[in-house]
$ cat input.txt   # compact mmCIF, C-alpha atoms
# COMPACT_ATOMS: atom_id res chain seq x y z
CA MET Y 1184 135.86 108.81 90.05
CA MET Y 1185 132.91 107.30 91.87
CA GLU Y 1186 132.48 103.54 91.66
CA ARG Y 1187 129.58 102.56 89.43
CA LYS Y 1188 126.67 101.12 91.36
CA TYR Y 1189 124.47 98.27 90.27
CA THR Y 1190 120.84 99.03 89.48
CA MET Y 1191 117.73 97.19 90.61
CA GLU Y 1192 117.29 95.80 87.09
CA GLU Y 1193 120.85 94.48 87.13
CA PHE Y 1194 120.26 92.85 90.50
CA LEU Y 1195 117.19 91.09 89.15
CA GLY Y 1196 119.37 89.86 86.29
CA ILE Y 1197 121.87 88.46 88.79
CA ILE Y 1198 119.13 86.48 90.55
CA ARG Y 1199 117.83 85.19 87.23
CA LYS Y 1200 121.33 84.06 86.26
CA LEU Y 1201 121.77 82.27 89.59
CA ARG Y 1202 118.51 80.43 88.88
CA GLY Y 1203 119.39 79.77 85.24
CA GLU Y 1204 120.65 76.63 83.53
CA ASN Y 1205 124.29 77.42 84.28
CA GLY Y 1206 123.56 79.03 87.62
CA CYS Y 1207 124.39 78.10 91.20
CA PRO Y 1208 123.44 74.52 92.22
CA TRP Y 1209 122.10 75.77 95.59
CA ASP Y 1210 120.03 78.65 94.19
CA LYS Y 1211 118.57 76.47 91.43
CA VAL Y 1212 116.92 74.03 93.84
CA GLN Y 1213 115.43 76.52 96.30
CA THR Y 1214 111.67 76.85 96.78
CA HIS Y 1215 109.42 79.30 98.62
CA GLU Y 1216 109.22 76.81 101.49
CA SER Y 1217 112.94 76.09 101.69
CA LEU Y 1218 113.66 79.81 101.95
CA ILE Y 1219 111.39 80.42 104.95
CA PRO Y 1220 114.27 80.14 107.49
CA CYS Y 1221 116.31 82.57 105.38
CA MET Y 1222 113.47 85.11 105.24
CA LEU Y 1223 113.03 85.01 109.01
CA GLU Y 1224 116.75 85.13 109.75
CA GLU Y 1225 117.41 88.07 107.42
CA ALA Y 1226 114.50 90.05 108.89
CA TYR Y 1227 115.80 89.55 112.43
CA GLU Y 1228 119.34 90.45 111.38
CA ALA Y 1229 118.00 93.68 109.84
CA VAL Y 1230 116.39 94.49 113.19
CA ASP Y 1231 119.78 93.99 114.85
CA GLY Y 1232 121.23 96.40 112.31
CA ILE Y 1233 118.59 99.00 113.19
CA GLU Y 1234 119.35 98.64 116.90
CA THR Y 1235 123.09 98.93 116.24
CA LEU Y 1236 122.53 102.16 114.33
CA ALA Y 1237 120.23 103.51 117.06
CA LYS Y 1238 123.03 103.00 119.57
CA GLY Y 1239 125.41 105.08 117.50
CA GLY Y 1240 127.02 102.20 115.62
CA SER Y 1241 127.92 102.00 111.96
CA SER Y 1242 125.22 102.14 109.31
CA ASP Y 1243 127.15 99.68 107.14
CA ASN Y 1244 125.62 96.67 108.87
CA LEU Y 1245 122.06 97.89 108.36
CA CYS Y 1246 122.79 98.63 104.70
CA GLU Y 1247 124.09 95.09 104.23
CA GLU Y 1248 121.20 93.46 106.09
CA LEU Y 1249 118.59 95.42 104.14
CA GLY Y 1250 120.28 94.09 101.02
CA ASP Y 1251 119.82 90.55 102.34
CA VAL Y 1252 116.11 91.26 102.98
CA LEU Y 1253 115.80 92.67 99.45
CA MET Y 1254 117.49 89.52 98.17
CA GLN Y 1255 114.69 87.47 99.69
CA VAL Y 1256 111.99 89.65 98.11
CA VAL Y 1257 113.59 89.47 94.67
CA PHE Y 1258 114.34 85.74 94.95
CA HIS Y 1259 110.75 84.87 95.90
CA SER Y 1260 109.47 87.12 93.11
CA GLN Y 1261 111.72 85.32 90.61
CA LEU Y 1262 110.45 81.94 91.82
CA ALA Y 1263 106.87 83.17 91.44
CA GLU Y 1264 107.59 84.44 87.92
CA GLU Y 1265 108.99 81.04 86.94
CA GLU Y 1266 105.85 79.42 88.37
CA GLY Y 1267 103.60 81.79 86.44
CA TYR Y 1268 102.15 83.50 89.51
CA PHE Y 1269 103.48 87.08 89.54
CA THR Y 1270 106.60 89.14 88.88
CA LEU Y 1271 108.72 91.60 90.85
CA GLU Y 1272 106.94 94.36 88.91
CA ASP Y 1273 103.63 93.04 90.25
CA VAL Y 1274 105.01 93.17 93.80
CA VAL Y 1275 106.14 96.78 93.36
CA ASP Y 1276 102.84 97.73 91.71
CA GLY Y 1277 100.82 96.09 94.47
CA ILE Y 1278 102.62 97.75 97.38
CA SER Y 1279 102.56 101.12 95.60
CA LYS Y 1280 98.80 100.93 95.14
CA LYS Y 1281 98.37 99.82 98.75
CA MET Y 1282 100.39 102.74 100.14
CA ILE Y 1283 98.48 105.26 98.01
CA HIS Y 1284 95.14 103.77 99.05
CA ARG Y 1285 96.06 103.74 102.74
CA HIS Y 1286 97.21 107.38 102.73
CA PRO Y 1287 94.36 109.37 101.15
CA HIS Y 1288 95.35 112.34 103.33
CA VAL Y 1289 98.68 112.42 101.45
CA PHE Y 1290 97.79 111.25 97.92
CA GLY Y 1291 94.09 112.12 97.83
CA LYS Y 1292 91.67 114.74 99.06
CA ALA Y 1293 90.97 113.35 102.51
CA THR Y 1294 92.12 115.23 105.58
CA GLU Y 1295 94.21 113.68 108.33
CA ALA Y 1296 91.13 113.79 110.59
CA ASP Y 1297 89.31 111.52 108.11
CA TRP Y 1298 92.16 109.01 107.95
CA ASP Y 1299 91.21 105.57 109.31
CA TRP Y 1300 93.97 103.00 108.73
CA GLU Y 1301 91.93 100.01 109.94
CA SER Y 1302 88.95 100.84 107.71
CA LEU Y 1303 91.22 101.21 104.70
CA LYS Y 1304 92.83 97.84 105.41
CA LYS Y 1305 89.38 96.25 105.60
CA GLU Y 1306 88.48 97.71 102.21
CA GLU Y 1307 91.47 95.91 100.69
CA LYS Y 1308 90.83 92.56 102.35
CA GLY Y 1309 87.09 92.55 101.75
CA SER Y 1310 84.44 91.49 104.22
CA GLN Y 1311 85.67 89.12 106.92
CA THR Y 1312 83.89 87.63 109.90
CA PRO Y 1313 85.54 88.14 113.30
CA LYS Y 1314 86.66 84.49 113.27
CA GLU Y 1315 88.17 84.84 109.79
CA GLU Y 1316 89.99 88.03 110.79
CA ILE Y 1317 91.43 86.39 113.90
CA ALA Y 1318 92.43 83.26 111.98
CA SER Y 1319 94.26 85.44 109.43
CA VAL Y 1320 96.84 86.63 111.98
CA PRO Y 1321 100.07 85.05 110.62
CA GLN Y 1322 101.05 81.88 112.45
CA ALA Y 1323 104.73 82.49 111.71
CA LEU Y 1324 104.82 85.57 113.94
CA PRO Y 1325 106.83 85.28 117.18
CA SER Y 1326 104.52 83.85 119.86
CA LEU Y 1327 104.28 86.95 122.07
CA LEU Y 1328 103.63 89.25 119.11
CA ARG Y 1329 100.98 86.92 117.65
CA THR Y 1330 99.34 86.50 121.06
CA SER Y 1331 99.11 90.26 121.53
CA LYS Y 1332 97.55 90.76 118.10
CA ILE Y 1333 94.98 88.01 118.68
CA LEU Y 1334 94.15 89.29 122.15
CA LYS Y 1335 93.47 92.71 120.68
CA LYS Y 1336 90.97 91.21 118.24
CA LEU Y 1337 89.38 89.03 120.93
CA ASP Y 1338 88.93 92.20 122.97
CA LYS Y 1339 87.37 93.99 119.99
CA TYR Y 1340 84.92 91.30 118.96
CA TYR Y 1341 84.32 89.23 122.09
CA GLU Y 1342 85.19 91.63 124.94
CA PHE Y 1343 87.83 89.18 126.18
CA GLY Y 1344 90.64 90.46 128.38
CA ARG Y 1345 89.47 94.03 128.91
CA ASP Y 1346 90.11 94.05 132.67
CA GLU Y 1347 93.81 94.42 133.49
CA GLU Y 1348 93.22 93.67 137.19
CA GLU Y 1349 91.55 90.41 136.22
CA SER Y 1350 94.52 89.50 134.01
CA LEU Y 1351 96.90 90.09 136.92
CA ARG Y 1352 94.68 88.08 139.27
CA VAL Y 1353 94.58 85.09 136.90
CA ALA Y 1354 98.33 85.26 136.28
CA GLU Y 1355 99.03 85.39 140.03
CA SER Y 1356 96.70 82.46 140.71
CA GLN Y 1357 98.41 80.33 138.06
CA ILE Y 1358 101.86 81.17 139.43
CA GLU Y 1359 100.72 80.37 142.96
CA ALA Y 1360 99.33 77.01 141.81
CA LEU Y 1361 102.69 76.15 140.26
CA LYS Y 1362 104.30 76.06 143.69
CA THR Y 1363 102.48 72.87 144.65
CA GLU Y 1364 101.60 71.30 141.27
CA GLN Y 1365 103.23 67.91 140.65
CA ASP Y 1366 101.82 67.05 137.23
CA ASP Y 1367 104.06 68.23 134.37
CA GLU Y 1368 101.18 68.77 131.93
CA LYS Y 1369 99.33 70.87 134.49
CA LYS Y 1370 102.47 72.91 135.05
CA GLU Y 1371 102.68 73.64 131.33
CA GLU Y 1372 99.03 74.77 131.30
CA GLN Y 1373 99.57 77.03 134.29
CA ILE Y 1374 102.73 78.60 132.88
CA GLY Y 1375 101.02 79.10 129.51
CA GLU Y 1376 97.97 80.76 131.05
CA ALA Y 1377 100.16 83.00 133.22
CA LEU Y 1378 102.16 84.07 130.15
CA LEU Y 1379 99.01 84.82 128.17
CA GLN Y 1380 97.51 86.91 130.97
CA LEU Y 1381 100.76 88.87 131.47
CA CYS Y 1382 100.90 89.46 127.73
CA ASN Y 1383 97.34 90.78 127.89
CA TYR Y 1384 98.21 93.02 130.86
CA ALA Y 1385 101.11 94.45 128.86
CA ARG Y 1386 98.82 95.01 125.85
CA LEU Y 1387 96.30 96.90 127.95
CA ASN Y 1388 99.12 99.13 129.16
CA HIS Y 1389 100.40 99.72 125.61
CA ILE Y 1390 103.57 97.70 126.17
CA ASN Y 1391 104.97 95.46 123.42
CA SER Y 1392 105.58 92.10 125.14
CA GLU Y 1393 107.94 90.88 122.42
CA LEU Y 1394 110.22 93.90 122.64
CA LEU Y 1395 109.97 94.02 126.42
CA LEU Y 1396 111.14 90.43 126.88
CA GLU Y 1397 114.01 90.99 124.45
CA LYS Y 1398 115.02 94.14 126.34
CA THR Y 1399 114.87 92.34 129.69
CA LEU Y 1400 116.95 89.45 128.36
CA LYS Y 1401 119.58 91.86 127.03
CA ASN Y 1402 119.76 93.56 130.44
CA HIS Y 1403 120.38 90.18 132.08
CA LEU Y 1404 123.08 89.35 129.54
CA LYS Y 1405 124.79 92.65 130.26
CA SER Y 1406 125.11 91.60 133.91
CA TYR Y 1407 127.27 88.72 132.65
CA GLU Y 1408 129.12 91.13 130.33
CA ILE Y 1409 127.60 89.45 127.28
CA GLN Y 1410 126.71 91.89 124.53
$ encode --input "input.txt" --output "structure tokens"
Amino acid sequence: MMERKYTMEEFLGIIRKLRGENGCPWDKVQTHESLIPCMLEEAYEAVDGIETLAKGGSSDNLCEELGDVLMQVVFHSQLAEEEGYFTLEDVVDGISKKMIHRHPHVFGKATEADWDWESLKKEEKGSQTPKEEIASVPQALPSLLRTSKILKKLDKYYEFGRDEEESLRVAESQIEALKTEQDDEKKEEQIGEALLQLCNYARLNHINSELLLEKTLKNHLKSYEIQ
């Protein structure tokens, strides 16, 4: 006989009980803000699970980590319901409508040739000035990922960073200046500018700086037999 599995509704009930009067002391005092480290950690651990699976490892870890990510979604939704903001049902309804709207070639009458993801996203967010759009890039993103996204928008609206040779030249000049610079603050500026320009060079060559640095670090760790 197969073991009975819990349903999504039952899981929501578990979270509500943890938050209830006779629930867990830790769960009862959590807030959206206090759970930020948990949300970030669980997302990164899920990525590790994906990479483990891609390398031929067990799928059990990914299954568990996706459960932890789901826990965060349900927990935040429960907090929001208690605060009178929205419910888990609202979250599901919102993402369902978004996916249908962003895929008219699947759920509507549009053809794939007519599909424009960016235009559909703009319809949802409403009219934004270039500055507002750039400022809306999440600040909690990892630095290299956020930098790449902002550089892409600066390129689009202000024609900044379109020349990959110029990015290399600036990066090289900053690195060269580091060799003789004595002032610590100046060194930080030079390193920062070099990093930004290299990130831009990677973007122009369709390379994800965040993933590239992680891959390079892992290769170095392997040389020390650290997995």
$ atom_distance --input "input.txt" --atom1 "CA of Lys1398 in chain Y" --atom2 "CA of Glu1234 in chain Y"
11.3 Å
$ residues_around --input "input.txt" --residues "range 1281-1290 of chain Y" --least-positions-apart "5" --cutoff "7 Å" --atoms "all atoms listed in the file" --output "list in words"
Glu1295, Trp1298, Trp1300 and Leu1303 of chain Y
$ residues_around --input "input.txt" --residues "Leu1249 in chain Y" --least-positions-apart "5" --cutoff "12 Å" --atoms "all atoms listed in the file" --output "number ranges by chain"
Y: 1222, 1224-1233, 1242-1244, 1254-1256
$ closest_atom_pairs --input "input.txt" --of "range 1198-1220 of chain Y" --to "range 1258-1274 of chain Y" --cutoff "10 Å" --atoms "all atoms listed in the file" --output "JSON lines"
{"residue": "Y:Ile1198", "atom": "CA", "partner": "Y:Phe1258", "partner_atom": "CA", "distance": 6.5}
{"residue": "Y:Arg1199", "atom": "CA", "partner": "Y:Gln1261", "partner_atom": "CA", "distance": 7.0}
{"residue": "Y:Leu1201", "atom": "CA", "partner": "Y:Phe1258", "partner_atom": "CA", "distance": 9.8}
{"residue": "Y:Arg1202", "atom": "CA", "partner": "Y:Gln1261", "partner_atom": "CA", "distance": 8.5}
{"residue": "Y:Asp1210", "atom": "CA", "partner": "Y:Phe1258", "partner_atom": "CA", "distance": 9.1}
{"residue": "Y:Lys1211", "atom": "CA", "partner": "Y:Leu1262", "partner_atom": "CA", "distance": 9.8}
{"residue": "Y:Gln1213", "atom": "CA", "partner": "Y:Leu1262", "partner_atom": "CA", "distance": 8.6}
{"residue": "Y:Thr1214", "atom": "CA", "partner": "Y:Leu1262", "partner_atom": "CA", "distance": 7.2}
{"residue": "Y:His1215", "atom": "CA", "partner": "Y:His1259", "partner_atom": "CA", "distance": 6.3}
{"residue": "Y:Glu1216", "atom": "CA", "partner": "Y:His1259", "partner_atom": "CA", "distance": 9.9}
{"residue": "Y:Leu1218", "atom": "CA", "partner": "Y:His1259", "partner_atom": "CA", "distance": 8.4}
$ residues_around --input "input.txt" --residues "Leu1378 in chain Y" --least-positions-apart "4" --cutoff "9 Å" --atoms "all atoms listed in the file" --output "ChimeraX atom specification"
/Y:1327,1354,1373-1374,1382-1383
$ atom_distance --input "input.txt" --atom1 "CA of Arg1386 in chain Y" --atom2 "CA of Ser1331 in chain Y"
6.4 Å
$ axis_aligned_box --input "input.txt" --around "range 1376-1387 of chain Y" --padding-each-side "5 Å" --output "AutoDock Vina command-line options"
--center_x 99.2 --center_y 88.8 --center_z 129.5 --size_x 15.9 --size_y 26.1 --size_z 17.4
$ closest_residue --input "input.txt" --among "Y:Thr1330, Y:Ser1319, Y:Ser1217, Y:Thr1235" --to "Glu1393 in chain Y" --atoms "all atoms listed in the file"
Y:Thr1330
$ atom_distance --input "input.txt" --atom1 "CA of Ser1392 in chain Y" --atom2 "CA of Leu1337 in chain Y"
17.0 Å
$ closest_residue --input "input.txt" --among "Y:Val1353, Y:Leu1361, Y:Ile1317, Y:Leu1395" --to "Gln1380 in chain Y" --atoms "all atoms listed in the file"
Y:Val1353
$ closest_residue --input "input.txt" --among "Y:Ser1302, Y:Asn1388, Y:Thr1294, Y:Asn1205" --to "Glu1347 in chain Y" --atoms "only C-alpha atoms"
Y:Asn1388
$ decode --input "input.txt" --residues "range 1375-1390 of chain Y" --atoms "all heavy atoms" --output "PDB file, in the first residue's frame"
ATOM      1  N   GLY Y1375      36.621  48.395  -8.045  1.00  0.00           N
ATOM      2  CA  GLY Y1375      35.193  48.426  -8.350  1.00  0.00           C
ATOM      3  C   GLY Y1375      34.915  48.736  -9.804  1.00  0.00           C
ATOM      4  O   GLY Y1375      34.081  48.090 -10.444  1.00  0.00           O
ATOM      5  N   GLU Y1376      35.629  49.731 -10.348  1.00  0.00           N
ATOM      6  CA  GLU Y1376      35.426  50.101 -11.752  1.00  0.00           C
ATOM      7  C   GLU Y1376      35.877  48.983 -12.684  1.00  0.00           C
ATOM      8  O   GLU Y1376      35.222  48.693 -13.696  1.00  0.00           O
ATOM      9  CB  GLU Y1376      36.190  51.386 -12.070  1.00  0.00           C
ATOM     10  CG  GLU Y1376      35.961  51.923 -13.481  1.00  0.00           C
ATOM     11  CD  GLU Y1376      34.530  52.327 -13.751  1.00  0.00           C
ATOM     12  OE1 GLU Y1376      33.827  52.719 -12.798  1.00  0.00           O
ATOM     13  OE2 GLU Y1376      34.099  52.230 -14.923  1.00  0.00           O
ATOM     14  N   ALA Y1377      36.982  48.327 -12.343  1.00  0.00           N
ATOM     15  CA  ALA Y1377      37.462  47.204 -13.153  1.00  0.00           C
ATOM     16  C   ALA Y1377      36.439  46.070 -13.157  1.00  0.00           C
ATOM     17  O   ALA Y1377      36.146  45.474 -14.207  1.00  0.00           O
ATOM     18  CB  ALA Y1377      38.803  46.707 -12.639  1.00  0.00           C
ATOM     19  N   LEU Y1378      35.868  45.763 -11.979  1.00  0.00           N
ATOM     20  CA  LEU Y1378      34.856  44.719 -11.890  1.00  0.00           C
ATOM     21  C   LEU Y1378      33.629  45.058 -12.726  1.00  0.00           C
ATOM     22  O   LEU Y1378      33.081  44.210 -13.439  1.00  0.00           O
ATOM     23  CB  LEU Y1378      34.444  44.514 -10.427  1.00  0.00           C
ATOM     24  CG  LEU Y1378      35.400  43.727  -9.539  1.00  0.00           C
ATOM     25  CD1 LEU Y1378      34.933  43.789  -8.085  1.00  0.00           C
ATOM     26  CD2 LEU Y1378      35.493  42.275  -9.991  1.00  0.00           C
ATOM     27  N   LEU Y1379      33.185  46.311 -12.641  1.00  0.00           N
ATOM     28  CA  LEU Y1379      32.005  46.731 -13.393  1.00  0.00           C
ATOM     29  C   LEU Y1379      32.242  46.600 -14.896  1.00  0.00           C
ATOM     30  O   LEU Y1379      31.380  46.111 -15.642  1.00  0.00           O
ATOM     31  CB  LEU Y1379      31.636  48.171 -13.032  1.00  0.00           C
ATOM     32  CG  LEU Y1379      30.349  48.706 -13.681  1.00  0.00           C
ATOM     33  CD1 LEU Y1379      29.604  49.604 -12.700  1.00  0.00           C
ATOM     34  CD2 LEU Y1379      30.628  49.482 -14.967  1.00  0.00           C
ATOM     35  N   GLN Y1380      33.414  47.032 -15.350  1.00  0.00           N
ATOM     36  CA  GLN Y1380      33.706  46.978 -16.783  1.00  0.00           C
ATOM     37  C   GLN Y1380      33.850  45.538 -17.274  1.00  0.00           C
ATOM     38  O   GLN Y1380      33.425  45.203 -18.383  1.00  0.00           O
ATOM     39  CB  GLN Y1380      34.980  47.775 -17.089  1.00  0.00           C
ATOM     40  CG  GLN Y1380      34.859  49.268 -16.849  1.00  0.00           C
ATOM     41  CD  GLN Y1380      33.836  49.941 -17.762  1.00  0.00           C
ATOM     42  OE1 GLN Y1380      33.505  49.433 -18.829  1.00  0.00           O
ATOM     43  NE2 GLN Y1380      33.337  51.095 -17.335  1.00  0.00           N
ATOM     44  N   LEU Y1381      34.423  44.657 -16.456  1.00  0.00           N
ATOM     45  CA  LEU Y1381      34.526  43.246 -16.835  1.00  0.00           C
ATOM     46  C   LEU Y1381      33.144  42.592 -16.866  1.00  0.00           C
ATOM     47  O   LEU Y1381      32.867  41.747 -17.727  1.00  0.00           O
ATOM     48  CB  LEU Y1381      35.444  42.504 -15.863  1.00  0.00           C
ATOM     49  CG  LEU Y1381      36.938  42.819 -15.995  1.00  0.00           C
ATOM     50  CD1 LEU Y1381      37.725  42.154 -14.874  1.00  0.00           C
ATOM     51  CD2 LEU Y1381      37.478  42.362 -17.359  1.00  0.00           C
ATOM     52  N   CYS Y1382      32.293  42.990 -15.927  1.00  0.00           N
ATOM     53  CA  CYS Y1382      30.925  42.507 -15.919  1.00  0.00           C
ATOM     54  C   CYS Y1382      30.211  42.950 -17.195  1.00  0.00           C
ATOM     55  O   CYS Y1382      29.463  42.178 -17.802  1.00  0.00           O
ATOM     56  CB  CYS Y1382      30.194  43.020 -14.684  1.00  0.00           C
ATOM     57  SG  CYS Y1382      28.506  42.419 -14.505  1.00  0.00           S
ATOM     58  N   ASN Y1383      30.446  44.182 -17.603  1.00  0.00           N
ATOM     59  CA  ASN Y1383      29.826  44.687 -18.826  1.00  0.00           C
ATOM     60  C   ASN Y1383      30.356  43.957 -20.054  1.00  0.00           C
ATOM     61  O   ASN Y1383      29.607  43.615 -20.972  1.00  0.00           O
ATOM     62  CB  ASN Y1383      30.092  46.189 -18.970  1.00  0.00           C
ATOM     63  CG  ASN Y1383      29.289  46.789 -20.107  1.00  0.00           C
ATOM     64  OD1 ASN Y1383      28.058  46.688 -20.132  1.00  0.00           O
ATOM     65  ND2 ASN Y1383      29.970  47.409 -21.059  1.00  0.00           N
ATOM     66  N   TYR Y1384      31.668  43.676 -20.067  1.00  0.00           N
ATOM     67  CA  TYR Y1384      32.260  42.929 -21.176  1.00  0.00           C
ATOM     68  C   TYR Y1384      31.621  41.543 -21.275  1.00  0.00           C
ATOM     69  O   TYR Y1384      31.311  41.068 -22.374  1.00  0.00           O
ATOM     70  CB  TYR Y1384      33.769  42.810 -20.973  1.00  0.00           C
ATOM     71  CG  TYR Y1384      34.475  42.073 -22.090  1.00  0.00           C
ATOM     72  CD1 TYR Y1384      34.818  42.722 -23.275  1.00  0.00           C
ATOM     73  CD2 TYR Y1384      34.790  40.716 -21.959  1.00  0.00           C
ATOM     74  CE1 TYR Y1384      35.453  42.047 -24.304  1.00  0.00           C
ATOM     75  CE2 TYR Y1384      35.426  40.036 -22.982  1.00  0.00           C
ATOM     76  CZ  TYR Y1384      35.758  40.704 -24.156  1.00  0.00           C
ATOM     77  OH  TYR Y1384      36.384  40.019 -25.171  1.00  0.00           O
ATOM     78  N   ALA Y1385      31.430  40.903 -20.134  1.00  0.00           N
ATOM     79  CA  ALA Y1385      30.794  39.586 -20.116  1.00  0.00           C
ATOM     80  C   ALA Y1385      29.362  39.688 -20.640  1.00  0.00           C
ATOM     81  O   ALA Y1385      28.914  38.852 -21.437  1.00  0.00           O
ATOM     82  CB  ALA Y1385      30.805  39.024 -18.702  1.00  0.00           C
ATOM     83  N   ARG Y1386      28.642  40.728 -20.210  1.00  0.00           N
ATOM     84  CA  ARG Y1386      27.254  40.919 -20.669  1.00  0.00           C
ATOM     85  C   ARG Y1386      27.186  41.061 -22.173  1.00  0.00           C
ATOM     86  O   ARG Y1386      26.333  40.442 -22.830  1.00  0.00           O
ATOM     87  CB  ARG Y1386      26.676  42.173 -20.002  1.00  0.00           C
ATOM     88  CG  ARG Y1386      25.273  42.548 -20.468  1.00  0.00           C
ATOM     89  CD  ARG Y1386      24.844  43.882 -19.897  1.00  0.00           C
ATOM     90  NE  ARG Y1386      25.569  44.989 -20.502  1.00  0.00           N
ATOM     91  CZ  ARG Y1386      25.220  45.585 -21.648  1.00  0.00           C
ATOM     92  NH1 ARG Y1386      24.170  45.156 -22.334  1.00  0.00           N
ATOM     93  NH2 ARG Y1386      25.915  46.607 -22.116  1.00  0.00           N
ATOM     94  N   LEU Y1387      28.076  41.854 -22.735  1.00  0.00           N
ATOM     95  CA  LEU Y1387      28.082  42.073 -24.182  1.00  0.00           C
ATOM     96  C   LEU Y1387      28.405  40.802 -24.955  1.00  0.00           C
ATOM     97  O   LEU Y1387      28.056  40.673 -26.130  1.00  0.00           O
ATOM     98  CB  LEU Y1387      29.087  43.173 -24.542  1.00  0.00           C
ATOM     99  CG  LEU Y1387      28.715  44.582 -24.066  1.00  0.00           C
ATOM    100  CD1 LEU Y1387      29.882  45.539 -24.279  1.00  0.00           C
ATOM    101  CD2 LEU Y1387      27.476  45.087 -24.792  1.00  0.00           C
ATOM    102  N   ASN Y1388      29.059  39.867 -24.282  1.00  0.00           N
ATOM    103  CA  ASN Y1388      29.388  38.585 -24.912  1.00  0.00           C
ATOM    104  C   ASN Y1388      28.458  37.463 -24.460  1.00  0.00           C
ATOM    105  O   ASN Y1388      28.768  36.287 -24.623  1.00  0.00           O
ATOM    106  CB  ASN Y1388      30.845  38.216 -24.616  1.00  0.00           C
ATOM    107  CG  ASN Y1388      31.818  39.042 -25.441  1.00  0.00           C
ATOM    108  OD1 ASN Y1388      32.127  38.696 -26.576  1.00  0.00           O
ATOM    109  ND2 ASN Y1388      32.301  40.139 -24.873  1.00  0.00           N
ATOM    110  N   HIS Y1389      27.312  37.865 -23.882  1.00  0.00           N
ATOM    111  CA  HIS Y1389      26.256  36.934 -23.474  1.00  0.00           C
ATOM    112  C   HIS Y1389      26.754  35.897 -22.459  1.00  0.00           C
ATOM    113  O   HIS Y1389      26.408  34.722 -22.528  1.00  0.00           O
ATOM    114  CB  HIS Y1389      25.667  36.233 -24.701  1.00  0.00           C
ATOM    115  CG  HIS Y1389      25.276  37.172 -25.802  1.00  0.00           C
ATOM    116  ND1 HIS Y1389      24.208  38.044 -25.689  1.00  0.00           N
ATOM    117  CD2 HIS Y1389      25.846  37.411 -27.024  1.00  0.00           C
ATOM    118  CE1 HIS Y1389      24.114  38.761 -26.800  1.00  0.00           C
ATOM    119  NE2 HIS Y1389      25.088  38.401 -27.615  1.00  0.00           N
ATOM    120  N   ILE Y1390      27.575  36.371 -21.520  1.00  0.00           N
ATOM    121  CA  ILE Y1390      28.109  35.524 -20.464  1.00  0.00           C
ATOM    122  C   ILE Y1390      27.543  36.013 -19.131  1.00  0.00           C
ATOM    123  O   ILE Y1390      27.577  37.210 -18.839  1.00  0.00           O
ATOM    124  CB  ILE Y1390      29.651  35.582 -20.421  1.00  0.00           C
ATOM    125  CG1 ILE Y1390      30.240  35.040 -21.720  1.00  0.00           C
ATOM    126  CG2 ILE Y1390      30.193  34.804 -19.230  1.00  0.00           C
ATOM    127  CD1 ILE Y1390      31.733  35.280 -21.865  1.00  0.00           C
TER     128      ILE Y1390
END
